[in-house]
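Structure file upload.json; described as JSON, C-alpha atoms and all ligand atoms.
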[["chain", "number", "residue", "atom", "x", "y", "z"],
["F", 513, "MET", "CA", 0.00, 0.00, 0.00],
["F", 514, "PHE", "CA", 1.25, 3.46, -0.85],
["F", 515, "SER", "CA", 1.81, 5.71, 2.08],
["F", 516, "PRO", "CA", 2.93, 9.31, 1.44],
["F", 517, "THR", "CA", 4.91, 9.38, 4.66],
["F", 518, "ARG", "CA", 7.26, 6.71, 3.34],
["F", 519, "GLY", "CA", 8.24, 9.10, 0.55],
["F", 520, "GLN", "CA", 11.39, 8.71, -1.52],
["F", 521, "ALA", "CA", 12.54, 5.40, -0.05],
["F", 522, "TYR", "CA", 9.33, 3.81, -1.22],
["F", 523, "PHE", "CA", 9.82, 4.93, -4.82],
["F", 524, "ASP", "CA", 13.47, 3.97, -4.82],
["F", 525, "SER", "CA", 12.49, 0.46, -3.91],
["F", 526, "GLN", "CA", 9.91, 0.34, -6.73],
["F", 527, "PRO", "CA", 11.71, 0.78, -10.10],
["F", 528, "GLY", "CA", 8.41, 0.49, -11.98],
["F", 529, "LYS", "CA", 7.12, 3.58, -10.27],
["F", 530, "ILE", "CA", 9.83, 5.96, -11.45],
["F", 531, "VAL", "CA", 7.65, 7.72, -14.03],
["F", 532, "GLN", "CA", 4.94, 8.27, -11.49],
["F", 533, "ASN", "CA", 7.54, 9.60, -9.10],
["F", 534, "GLU", "CA", 8.78, 12.14, -11.67],
["F", 535, "ARG", "CA", 5.27, 13.39, -12.28],
["F", 536, "ARG", "CA", 4.62, 13.63, -8.61],
["F", 537, "ARG", "CA", 7.80, 15.58, -8.00],
["F", 538, "LYS", "CA", 6.96, 18.11, -10.72],
["F", 539, "ARG", "CA", 3.48, 18.61, -9.39],
["F", 540, "VAL", "CA", 4.49, 19.43, -5.84],
["F", 541, "LYS", "CA", 7.39, 21.77, -6.55],
["F", 542, "HIS", "CA", 5.71, 25.13, -6.16],
["F", 543, "ILE", "CA", 7.78, 27.00, -3.67],
["F", 544, "CYS", "CA", 6.66, 30.00, -1.70],
["F", 545, "PRO", "CA", 9.12, 32.88, -2.26],
["F", 546, "ILE", "CA", 8.52, 34.11, 1.28],
["F", 547, "CYS", "CA", 8.79, 31.07, 3.53],
["F", 548, "GLN", "CA", 10.09, 28.40, 1.09],
["F", 549, "TYR", "CA", 7.08, 26.17, 1.74],
["F", 550, "ASP", "CA", 7.17, 23.81, -1.25],
["F", 551, "GLU", "CA", 3.71, 22.30, -1.52],
["F", 552, "LEU", "CA", 1.72, 25.18, -2.92],
["F", 553, "PHE", "CA", -1.11, 24.09, -5.22],
["F", 554, "GLU", "CA", 0.04, 26.40, -7.99],
["F", 555, "GLU", "CA", 3.11, 28.26, -9.15],
["F", 556, "PRO", "CA", 3.01, 31.52, -7.11],
["F", 557, "TYR", "CA", 3.80, 33.59, -10.22],
["F", 558, "ASP", "CA", 3.54, 32.68, -13.87],
["F", 559, "GLU", "CA", 6.15, 33.63, -16.47],
["F", 560, "ASP", "CA", 4.64, 37.12, -16.73],
["F", 561, "GLY", "CA", 4.90, 37.59, -12.98],
["F", 562, "VAL", "CA", 1.16, 37.41, -12.46],
["F", 563, "GLY", "CA", 0.15, 36.07, -9.06],
["F", 564, "SER", "CA", -1.89, 32.88, -8.66],
["F", 565, "ASP", "CA", -4.17, 34.37, -5.96],
["F", 566, "GLU", "CA", -3.33, 31.35, -3.84],
["F", 567, "ILE", "CA", -2.75, 32.04, -0.18],
["F", 568, "CYS", "CA", 0.34, 30.32, 1.18],
["F", 569, "PRO", "CA", -0.91, 28.07, 4.00],
["F", 570, "CYS", "CA", 2.38, 28.53, 5.78],
["F", 571, "CYS", "CA", 3.04, 32.29, 5.89],
["F", 572, "GLY", "CA", -0.36, 33.60, 4.74],
["F", 573, "PHE", "CA", 0.94, 35.57, 1.78],
["F", 574, "GLN", "CA", -1.47, 35.85, -1.14],
["F", 575, "PHE", "CA", 0.35, 35.91, -4.46],
["F", 576, "GLY", "CA", -1.00, 38.64, -6.71],
["F", 577, "CYS", "CA", -2.68, 40.42, -3.80],
["F", 578, "ASP", "CA", -0.42, 40.96, -0.79],
["F", 579, "ASP", "CA", 2.43, 41.84, -3.15],
["F", 580, "PHE", "CA", 0.84, 45.10, -4.24],
["F", 581, "PRO", "CA", 2.17, 47.63, -5.18],
["F", 582, "GLU", "CA", 5.86, 46.61, -5.10],
["F", 583, "LYS", "CA", 6.35, 42.85, -5.28],
["F", 584, "GLU", "CA", 10.00, 42.55, -4.22],
["F", 585, "GLU", "CA", 9.49, 45.03, -1.41],
["F", 586, "GLN", "CA", 6.29, 43.38, -0.15],
["F", 587, "ILE", "CA", 7.83, 39.91, -0.22],
["F", 588, "LYS", "CA", 10.80, 41.16, 1.79],
["F", 589, "ASN", "CA", 8.59, 42.92, 4.32],
["F", 590, "TRP", "CA", 6.20, 39.99, 4.63],
["F", 591, "ARG", "CA", 9.07, 37.61, 5.28],
["F", 592, "LYS", "CA", 10.50, 39.93, 7.93],
["F", 593, "LYS", "CA", 7.11, 40.22, 9.60],
["F", 594, "TRP", "CA", 6.54, 36.47, 9.42],
["F", 595, "ILE", "CA", 9.93, 35.65, 10.92],
["F", 596, "ALA", "CA", 9.53, 38.33, 13.58],
["F", 597, "SER", "CA", 6.22, 36.76, 14.61],
["F", 598, "GLY", "CA", 7.92, 33.40, 15.09],
["F", 599, "CYS", "CA", 7.34, 31.75, 11.65],
["F", 600, "LYS", "CA", 3.84, 30.70, 12.63],
["F", 601, "TRP", "CA", 1.80, 28.30, 10.50],
["F", 602, "PHE", "CA", -0.95, 30.37, 8.92],
["F", 603, "SER", "CA", -3.67, 28.03, 7.70],
["F", 604, "CYS", "CA", -6.38, 26.48, 9.86],
["F", 605, "THR", "CA", -7.53, 24.19, 7.08],
["F", 606, "ARG", "CA", -4.19, 22.74, 6.02],
["F", 607, "THR", "CA", -1.81, 21.23, 8.53],
["F", 608, "ALA", "CA", 1.86, 22.02, 8.94],
["F", 609, "PRO", "CA", 4.44, 19.49, 7.78],
["F", 610, "SER", "CA", 6.24, 17.76, 10.62],
["F", 611, "ASN", "CA", 9.64, 19.19, 9.64],
["F", 701, "ZN", "ZN", 4.72, 31.08, 2.35]]

Translate the structure described by the file into structure tokens.
Ligand SMILES: [Zn+2]
Amino acid sequence: MFSPTRGQAYFDSQPGKIVQNERRRKRVKHICPICQYDELFEEPYDEDGVGSDEICPCCGFQFGCDDFPEKEEQIKNWRKKWIASGCKWFSCTRTAPSN
């Protein structure tokens, strides 16, 4: 039975599952530019720099909304604020990873 918590070791022991593993890895690699949380549902910004409107469940930043009017500046400030407040997990509907 597949169990997500067994992660990489499981796939390494199942050569037939390599393709599935590749797909899976691509799908989950959407990294938050503020807190580095890497399981966002969507890419935070597309190639034109347009935000996804997703709210990061980790730091609470909404891409395309909280970055107005100056993206770089807002991201920097948000990160500072988030770290200063103790890097708290933001979402009540999604749970924090154990690491
Ligand atoms: Zn984040």

**OP:** List all protein, DNA and RNA residues that have an atom no more than 8 Å from any atom of ligand ZN 701 (chain F), counting all atoms listed in the file, and report them as number ranges by chain.
**Re:** F: 543-549, 567-573

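The space separating CA of Asp550 (chain F) from CA of Lys592 (chain F) comes to 18.8 Å.
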
Centre, edges in Å (one decimal): axis-aligned box, region 562-565 of chain F, 5 Å padding on all six sides, as AutoDock Vina command-line options:
--center_x -1.5 --center_y 35.1 --center_z -9.2 --size_x 15.3 --size_y 14.5 --size_z 16.5
